[in-house]
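Pasted below: coords16.txt, compact mmCIF, C-alpha atoms.
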# COMPACT_ATOMS: atom_id res chain seq x y z
CA MET A 1 11.78 -11.74 -12.83
CA ASP A 2 10.52 -8.29 -13.72
CA ALA A 3 12.70 -5.19 -13.94
CA ALA A 4 12.43 -1.79 -12.31
CA LEU A 5 11.19 1.13 -14.39
CA PRO A 6 13.83 3.15 -16.29
CA LEU A 7 15.49 5.93 -14.29
CA ASP A 8 13.81 8.74 -16.27
CA GLU A 9 10.39 7.35 -15.38
CA VAL A 10 11.38 6.96 -11.72
CA GLY A 11 12.48 10.60 -11.78
CA LYS A 12 9.12 11.68 -13.19
CA ILE A 13 7.31 9.73 -10.49
CA GLU A 14 9.39 11.29 -7.71
CA ALA A 15 8.84 14.76 -9.14
CA GLU A 16 5.07 14.31 -9.36
CA ILE A 17 4.83 13.03 -5.79
CA GLY A 18 6.98 15.93 -4.61
CA LYS A 19 4.68 18.46 -6.29
CA ILE A 20 1.63 17.18 -4.43
CA LEU A 21 2.91 16.39 -0.94
CA PRO A 22 1.89 19.03 1.62
CA LYS A 23 4.51 20.56 3.92
CA GLY A 24 5.44 18.19 6.74
CA THR A 25 4.68 14.98 4.84
CA SER A 26 7.19 12.78 3.03
CA PHE A 27 7.66 9.50 1.22
CA HIS A 28 10.21 6.69 1.08
CA ASP A 29 10.72 3.09 -0.06
CA LEU A 30 9.69 3.79 -3.65
CA ARG A 31 9.67 0.55 -5.61
CA THR A 32 8.89 0.27 -9.32
CA ARG A 33 8.39 -2.64 -11.66
CA LYS A 34 7.60 -3.26 -15.30
CA SER A 35 5.74 -6.42 -16.25
CA GLY A 36 4.98 -6.61 -19.97
CA SER A 37 3.47 -3.20 -20.76
CA ARG A 38 2.25 -2.64 -17.20
CA ARG A 39 3.94 -0.37 -14.68
CA PHE A 40 3.70 -1.02 -10.94
CA VAL A 41 4.69 1.53 -8.33
CA ASP A 42 4.50 1.41 -4.57
CA PHE A 43 5.87 3.57 -1.78
CA HIS A 44 5.36 4.58 1.83
CA LEU A 45 3.68 7.92 2.50
CA LEU A 46 4.43 9.52 5.87
CA VAL A 47 1.72 11.76 7.34
CA PRO A 48 0.98 12.94 10.89
CA GLY A 49 -0.36 9.94 12.81
CA ALA A 50 -3.25 11.97 14.24
CA ASN A 51 -4.61 12.61 10.72
CA THR A 52 -7.72 10.64 9.85
CA VAL A 53 -7.82 7.81 7.34
CA ASN A 54 -10.15 10.01 5.27
CA GLU A 55 -7.55 12.77 5.08
CA ALA A 56 -4.69 10.42 4.26
CA HIS A 57 -6.71 8.64 1.62
CA ALA A 58 -7.69 11.88 -0.10
CA LEU A 59 -3.99 12.65 -0.42
CA CYS A 60 -3.33 9.15 -1.80
CA ASP A 61 -6.05 9.65 -4.40
CA ARG A 62 -4.50 12.93 -5.56
CA ILE A 63 -1.07 11.31 -5.93
CA GLU A 64 -2.48 8.27 -7.75
CA GLU A 65 -4.38 10.46 -10.22
CA ALA A 66 -1.29 12.58 -10.91
CA LEU A 67 0.84 9.48 -11.57
CA GLU A 68 -1.83 8.03 -13.86
CA ARG A 69 -1.72 11.26 -15.88
CA THR A 70 2.09 11.12 -16.03
CA LEU A 71 2.66 7.50 -17.12
CA SER A 72 0.27 5.14 -18.89
CA ASN A 73 -0.66 1.67 -17.70
CA ILE A 74 0.42 2.37 -14.14
CA ALA A 75 -0.86 0.72 -10.95
CA VAL A 76 0.01 2.67 -7.79
CA THR A 77 -0.12 1.24 -4.27
CA ILE A 78 0.51 3.65 -1.38
CA HIS A 79 1.13 2.48 2.17
CA VAL A 80 0.44 5.25 4.70
CA GLU A 81 2.56 5.41 7.85
CA PRO A 82 2.62 7.78 10.84
CA LEU A 83 5.38 10.33 10.36
CA GLU A 84 6.23 10.21 14.07
CA THR A 85 7.44 6.61 13.98
CA HIS A 86 10.00 7.46 11.29
CA LYS A 87 11.60 10.59 12.66
CA GLU A 88 14.94 8.91 13.15
CA VAL A 89 15.37 8.24 9.42
CA LYS A 90 16.30 10.76 6.71
CA HIS A 91 13.58 11.00 4.08
CA LYS A 92 12.60 13.17 1.18
CA THR A 93 10.59 15.43 3.47
CA ILE A 94 8.87 18.30 1.72
CA GLU A 95 9.90 21.40 3.69
CA MET B 1 6.42 -11.92 -16.06
CA ASP B 2 6.02 -13.20 -12.53
CA ALA B 3 3.29 -15.56 -11.42
CA ALA B 4 0.75 -15.31 -8.61
CA LEU B 5 1.32 -17.37 -5.46
CA PRO B 6 -0.17 -20.89 -5.42
CA LEU B 7 -3.78 -21.13 -4.30
CA ASP B 8 -2.96 -22.85 -1.00
CA GLU B 9 -0.71 -19.94 -0.03
CA VAL B 10 -3.35 -17.41 -1.05
CA GLY B 11 -5.81 -19.29 1.15
CA LYS B 12 -3.42 -19.11 4.10
CA ILE B 13 -2.97 -15.37 3.57
CA GLU B 14 -6.73 -14.75 3.45
CA ALA B 15 -7.24 -16.85 6.58
CA GLU B 16 -4.55 -14.96 8.53
CA ILE B 17 -5.95 -11.58 7.54
CA GLY B 18 -9.44 -12.73 8.49
CA LYS B 19 -8.27 -13.82 11.96
CA ILE B 20 -6.87 -10.38 12.75
CA LEU B 21 -9.40 -7.96 11.23
CA PRO B 22 -11.64 -6.36 13.87
CA LYS B 23 -15.42 -6.38 13.42
CA GLY B 24 -16.54 -3.79 10.89
CA THR B 25 -13.31 -3.78 8.86
CA SER B 26 -12.66 -5.69 5.64
CA PHE B 27 -10.21 -6.20 2.81
CA HIS B 28 -10.30 -6.58 -0.95
CA ASP B 29 -8.11 -6.50 -4.09
CA LEU B 30 -5.64 -9.07 -2.78
CA ARG B 31 -2.79 -9.46 -5.29
CA THR B 32 0.07 -11.92 -4.90
CA ARG B 33 3.26 -12.47 -6.84
CA LYS B 34 6.27 -14.76 -6.73
CA SER B 35 9.57 -13.47 -8.07
CA GLY B 36 12.38 -15.96 -7.63
CA SER B 37 12.12 -17.06 -4.00
CA ARG B 38 10.42 -13.81 -2.92
CA ARG B 39 6.72 -13.47 -2.24
CA PHE B 40 4.90 -10.15 -2.73
CA VAL B 41 1.43 -9.47 -1.39
CA ASP B 42 -0.70 -6.36 -1.47
CA PHE B 43 -4.31 -5.60 -0.69
CA HIS B 44 -6.71 -2.83 0.31
CA LEU B 45 -7.74 -2.64 3.95
CA LEU B 46 -11.05 -0.91 4.66
CA VAL B 47 -11.39 0.81 8.04
CA PRO B 48 -13.68 3.58 9.32
CA GLY B 49 -12.55 6.83 7.70
CA ALA B 50 -12.64 8.68 11.02
CA ASN B 51 -9.98 6.36 12.47
CA THR B 52 -6.55 7.90 12.82
CA VAL B 53 -3.54 6.96 10.72
CA ASN B 54 -1.93 5.71 13.94
CA GLU B 55 -4.81 3.29 14.55
CA ALA B 56 -4.90 2.05 10.96
CA HIS B 57 -1.15 1.59 10.87
CA ALA B 58 -1.10 -0.43 14.09
CA LEU B 59 -3.59 -2.80 12.46
CA CYS B 60 -1.41 -2.99 9.31
CA ASP B 61 1.61 -3.88 11.46
CA ARG B 62 -0.28 -6.72 13.15
CA ILE B 63 -1.36 -8.15 9.80
CA GLU B 64 2.13 -7.81 8.29
CA GLU B 65 3.71 -9.59 11.26
CA ALA B 66 1.17 -12.43 11.07
CA LEU B 67 1.81 -12.92 7.35
CA GLU B 68 5.58 -12.89 7.90
CA ARG B 69 5.13 -15.69 10.46
CA THR B 70 2.94 -17.66 8.02
CA LEU B 71 5.06 -17.53 4.85
CA SER B 72 8.79 -16.91 4.49
CA ASN B 73 10.38 -14.28 2.27
CA ILE B 74 7.19 -12.24 2.06
CA ALA B 75 6.85 -8.49 1.44
CA VAL B 76 3.42 -7.11 2.35
CA THR B 77 2.05 -3.74 1.19
CA ILE B 78 -1.29 -2.63 2.63
CA HIS B 79 -3.26 0.28 1.20
CA VAL B 80 -5.76 1.66 3.74
CA GLU B 81 -9.07 3.03 2.48
CA PRO B 82 -12.11 4.54 4.23
CA LEU B 83 -14.79 1.89 4.60
CA GLU B 84 -17.51 4.43 3.84
CA THR B 85 -16.40 5.03 0.26
CA HIS B 86 -16.75 1.33 -0.55
CA LYS B 87 -20.14 0.51 0.92
CA GLU B 88 -21.62 -0.17 -2.49
CA VAL B 89 -19.32 -3.11 -3.16
CA LYS B 90 -19.51 -6.57 -1.60
CA HIS B 91 -16.37 -7.45 0.31
CA LYS B 92 -15.09 -10.01 2.73
CA THR B 93 -16.35 -7.97 5.65
CA ILE B 94 -15.64 -9.49 9.03
CA GLU B 95 -19.00 -9.50 10.85

Full structure transcribed into structure tokens:
Amino acid sequence: MDAALPLDEVGKIEAEIGKILPKGTSFHDLRTRKSGSRRFVDFHLLVPGANTVNEAHALCDRIEEALERTLSNIAVTIHVEPLETHKEVKHKTIE
Amino acid sequence: MDAALPLDEVGKIEAEIGKILPKGTSFHDLRTRKSGSRRFVDFHLLVPGANTVNEAHALCDRIEEALERTLSNIAVTIHVEPLETHKEVKHKTIE
């Protein structure tokens, strides 16, 4: 079984995502994995449900590009969810 | 390093996704992995870019629930992309 990424790399990933996320969006369920020399990252991105897929995907692209600049050999998978369905849970919301 | 799921399971996953996808949507980049007794699946779902995040996410939920009924111990991550940015590539489009 593969291991998670080291904590310093997880911290870098969280910081990069935080820099990019617009006000009112957030993320959760960050999972990381190292398999050989390859890094795998996935998380849930919460955006307003009325946003279009085009808008959400443009944001995903910006985050993916930033993470690729931060760590080599990284594959990022982002699952977009409507913010409104997750209001009851505490997240790393960017204020 | 973990292995992909056996081909018969991958076939079941593709069939389930195909049953649910509405006309004009498609998927690609299906990746599967087995780690211990746990199954991991992710893929890209292509929907019209003007759709809302709410609409796309409802479709994701339906697919995730169907896959959870089909195979036990499965974690599904779906990345939604605008169909229009992928027109140049051949996919398993549901006609």

Item to check | Distance filter 6 Å, all atoms listed in the file, chain B against chain A, as a VMD selection string | outcome: chain B and resid 1 to 2 35 49 to 54 78 to 79 82

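Shortest atom-to-atom contact with Leu30 in chain A among A:Ala75, A:Leu67, A:Val10, A:Ala15: A:Val10, counting all atoms listed in the file.
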
Item to check | Shortest interatomic distance to Glu64 in chain B - which of B:Gly24, B:Leu45, B:Leu7, B:Ser37, counting all atoms listed in the file | outcome: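 With all atoms listed in the file as the atom set, the closest residue is B:Leu45.
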
Where's the centre, and what are the edge lengths in Å to one decimal, of a box along x, y and z enclosing all listed atoms of range 47-52 of chain A padded 5 Å per side, as lines of an AutoDock Vina configuration file?
center_x = -3.0
center_y = 11.4
center_z = 10.8
size_x = 19.4
size_y = 13.0
size_z = 16.9

Checklist entry - Could you tell me, as a PyMOL selection string, which residues have any atom at most 6 Å from (8.2, 0.7, -11.0), counting all atoms listed in the file? => result chain A and resi 4-5+31-34+39-41

Next on the checklist: Counting only C-alpha atoms, I want the residues whose atoms come within 6 Å of (-7.7, -11.2, 1.1) in the file frame, returned as JSON, numbers by chain.
Outcome noted: {"B": [14, 27, 28, 30]}

Item to check | CA of Lys19 in chain B to CA of Asp29 in chain A, straight-line distance in Å | outcome: 28.1 Å

Item to check | Pairwise distance for CA of Ile13 in chain B and CA of Ile63 in chain B, rounded to one decimal in Å | outcome: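 Separation of CA of Ile13 in chain B and CA of Ile63 in chain B: 9.7 Å.
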
Checklist entry - Which one of A:Arg38, A:Pro6, A:Gly18, A:Thr25 sits closest to Glu68 in chain A if you count all atoms listed in the file? => result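 Among A:Arg38, A:Pro6, A:Gly18, A:Thr25, it is A:Arg38 that comes nearest to Glu68 in chain A.
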